[in-house]
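Structure first, then comments.
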Amino acid sequence: MSSGGSLRELSMALASGAVTPSSAVEQAWQRMQATEPEIRAWAEIDAGGARFAARELERSTNTRGPLWGVPVGVKDLIDVQGLPTRCGSVLRGGEPAGSDADCVKLLRQAGAVVMGKTVTTEFGYFAPGPTRNPANRAHTPGGSSSGSAAAVAAGMVPLAIGTQTAGSLTRPASFCGVAGFVAPKGQFSMSGVTGLSPSLDSLGFLARTVTDLHLAWSALIGDGPASEHTVDGVSAHLLLWNGRGLGEVSADMATAVEQAVAAISHEGVHCEDWTDHDIVRRLADDHATIMAFEAARERSWELQQLNRLSVPLAELLATGATTPEADYVAALYRVADARWSVEAALEQFDAILGPAALGAAPAGIDATGTPVLSRPWQALGLPVITIPGLRDPAGMPLGLQLIGSPGREHRLFSIAERIEAALALL
């Protein structure tokens with residue numbers, strides 16, 4: 001079993017003894033050597049450290065965790081002991097982190113083996129790194145979790161960890177054709193993660209399939225095997241949001257969403273149209289205000305180095321520095337009010353379904369696309385799953401996003417898995 005396959009299959013092979021942690025690491029390393037020169041998903045590769053960790057797992061008599069021996073990538077905003085956290089910026093040097101971020105500790109406790117650090121845009125904002133989209137090297141992988149999405153899509157690792165402040169994980173998942181999960185705000189500690197906006201920053205994961213994501217999330221949350229919580233054969237009722245009011249969804253994406261809705265209706269998943277487009281538009285605007293204001297304060301040292309920053313990040317920090325505090329506080333209050341309305345809707349429906357991006361990944365790697373369709377849900381801190389399986393006529397991936405309520409993640413995963421299975425039949 002190659003580490004380039006699904007997380008579920010590799011985990012089963014490791015548990016049965018058909019694959020050892022050392023062989024899983026070597027397979028991942030070989031795949032990285034073959035594809036990394038073109039994809040450039042990695043900011044730092046630690047093959048030696050991964051080999052050592054794999055051997056330690058094999059020697060240990062401790063209980064094996066659910067991710068025992070699984071090679072993983074970690075976004076270069078997240079501290080990994082012994083490796084530098086450069087955050088995609090020239091302002092960060094090569095000093096190694098003195099300890100693991102809390103989320104990396106969880107990965108190691110579950111038995112995962114860190115292969116290295118994946119490329120991020122500068123401090124998680126728009127300035128792109130060198131990473132290319134495995135679906136088409138001439139297209140962006142999205143951002144800011146560019147390297148994590150590309151590493152999974154290229155089969156280098158079956159699981160990678162990322163972050164999201166606007167659309168940093170949902171968009172790359174959609175562009176690269178992989179599954180993504182953004183955890184609800186506060187579910188995982190952000191200690192050891194270089195943030196941009198404390199009210200908005202969230203942790204997330206990327207894997208080949210939604211089933212793989214469910215497995216990884218269950219392993220890290222300590223909630224038992226995902227299979228114990230899967231709900232089969234139960235009808236689901238979704239609100240269908242078409243992205244109206246936040247940008248022009250491409251014709252290909254609109255057609256793909258229509259095809260998906262028709263397909264899932266045969267699987268007991270029924271949709272009703274979302275009609276409150278004003279609240280979504282206001283949430284997106286308030287998200288932008290909150291993000292700029294907090295970024296200027298969270299990155300106050302970098303604010304003094306504007307001439308050394310990328311243009312997008314410098315503009316964000318400059319905007320945030322001049323945003324009146326009254327505007328920021330008002331935005332926070334409006335988001336809190338909107339949360340009541342959206343939560344009330346989610347009491348009547350299982351989740352909200354919509355396009356994960358305006359369309360397929362744009363050509364070129366000098367921009368990462370727009371996060372506009374993710375902003376409202378990130379402002380609310382809701383769990384979001386990106387579901388792969390759709391393609392445009394050129395063969396480029398298109399993703400759906402499924403937005404749910406905190407505390408109902410197992411239900412959200414179960415619905416997403418059913419949607420993914422239905423899309424596989426298209």
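Just remember, in the structure tokens the first chain shown is A, the second B, etc., residues are 1-based per chain, and ligands are 1-based in the order shown.
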
With a distance cut-off of 8 Å and only C-alpha atoms, select the neighbouring residues of segment 4-12 of chain A, excluding the residue or stretch itself and same-chain residues fewer than 4 positions from it, and output the selection as a compact mmCIF listing (two decimals) with N, CA and C atoms, in the first residue's frame.
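The resulting file, result_17.txt, is shown below:
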```txt
# COMPACT_ATOMS: atom_id res chain seq x y z
N SER A 16 -2.47 -3.69 10.18
CA SER A 16 -2.38 -5.13 9.94
C SER A 16 -0.95 -5.64 9.86
N VAL A 19 2.22 -2.99 6.09
CA VAL A 19 3.13 -1.87 5.87
C VAL A 19 3.67 -1.44 7.23
N GLN A 27 8.11 5.30 1.19
CA GLN A 27 7.23 5.47 0.04
C GLN A 27 6.87 6.94 -0.16
N ALA A 28 6.58 7.62 0.95
CA ALA A 28 6.27 9.05 0.86
C ALA A 28 7.48 9.83 0.35
N ARG A 31 7.93 9.34 -3.37
CA ARG A 31 6.93 10.11 -4.11
C ARG A 31 7.29 11.60 -4.10
N PRO A 66 -4.34 5.96 16.38
CA PRO A 66 -5.11 5.73 15.15
C PRO A 66 -4.41 6.20 13.88
N LEU A 67 -3.38 7.05 14.02
CA LEU A 67 -2.60 7.49 12.85
C LEU A 67 -1.19 6.92 12.89
N TRP A 68 -1.02 5.79 13.55
CA TRP A 68 0.30 5.18 13.75
C TRP A 68 1.01 4.97 12.42
N GLY A 69 2.15 5.63 12.27
CA GLY A 69 2.98 5.44 11.09
C GLY A 69 2.58 6.23 9.86
N VAL A 70 1.56 7.08 9.95
CA VAL A 70 1.07 7.81 8.79
C VAL A 70 1.93 9.05 8.53
N VAL A 152 -1.04 16.68 -0.79
CA VAL A 152 -2.04 15.61 -0.74
C VAL A 152 -2.52 15.26 -2.14
N ALA A 154 -1.00 15.53 -4.93
CA ALA A 154 0.06 14.86 -5.69
C ALA A 154 0.40 13.49 -5.13
N GLY A 155 -0.25 13.10 -4.03
CA GLY A 155 0.00 11.78 -3.45
C GLY A 155 1.28 11.70 -2.65
N MET A 156 1.86 12.84 -2.27
CA MET A 156 3.10 12.79 -1.48
C MET A 156 2.82 12.31 -0.05
N VAL A 157 1.74 12.79 0.53
CA VAL A 157 1.30 12.35 1.85
C VAL A 157 -0.22 12.20 1.81
N PRO A 158 -0.79 11.32 2.65
CA PRO A 158 -2.24 11.15 2.63
C PRO A 158 -2.98 12.16 3.50
N LEU A 159 -2.23 12.95 4.29
CA LEU A 159 -2.86 13.88 5.23
C LEU A 159 -1.93 15.06 5.44
N ALA A 207 -7.11 15.92 2.97
CA ALA A 207 -6.90 14.50 2.69
C ALA A 207 -7.52 14.19 1.33
N ARG A 208 -7.35 12.95 0.88
CA ARG A 208 -7.84 12.59 -0.45
C ARG A 208 -9.37 12.53 -0.49
N THR A 209 -9.99 12.06 0.58
CA THR A 209 -11.43 11.86 0.60
C THR A 209 -12.03 12.39 1.90
N THR A 211 -13.98 10.64 3.78
CA THR A 211 -13.81 9.55 4.74
C THR A 211 -12.46 9.65 5.44
N ASP A 212 -11.42 9.99 4.69
CA ASP A 212 -10.10 10.18 5.29
C ASP A 212 -10.11 11.33 6.29
N LEU A 215 -11.75 10.26 9.50
CA LEU A 215 -10.83 9.44 10.28
C LEU A 215 -9.82 10.31 11.03
```

Per-residue DSSP, segment 226-330 of chain A, filtered to strand (DSSP E), as a PyMOL selection string: chain A and resi 236-240+269-273

Near-segment 75-85 of chain A list (10 Å; only C-alpha atoms; drop same-chain fewer than 2 positions) as a ChimeraX atom specification: /A:41-46,49,73,87-89,92-105,114,116-124,144-149,160-163,190-195,203,205

Minimum-distance residue to Trp241 of chain A, chosen among A:Leu200, A:Ile387, A:Leu412, A:Ala254 (using only C-alpha atoms):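 Closest to Trp241 of chain A of all the choices is A:Ala254.
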
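Distances here use only C-alpha atoms; by that measure, the residue among A:Cys176, A:Ile221, A:Val257, A:Leu238 closest to Ile352 of chain A is A:Leu238.
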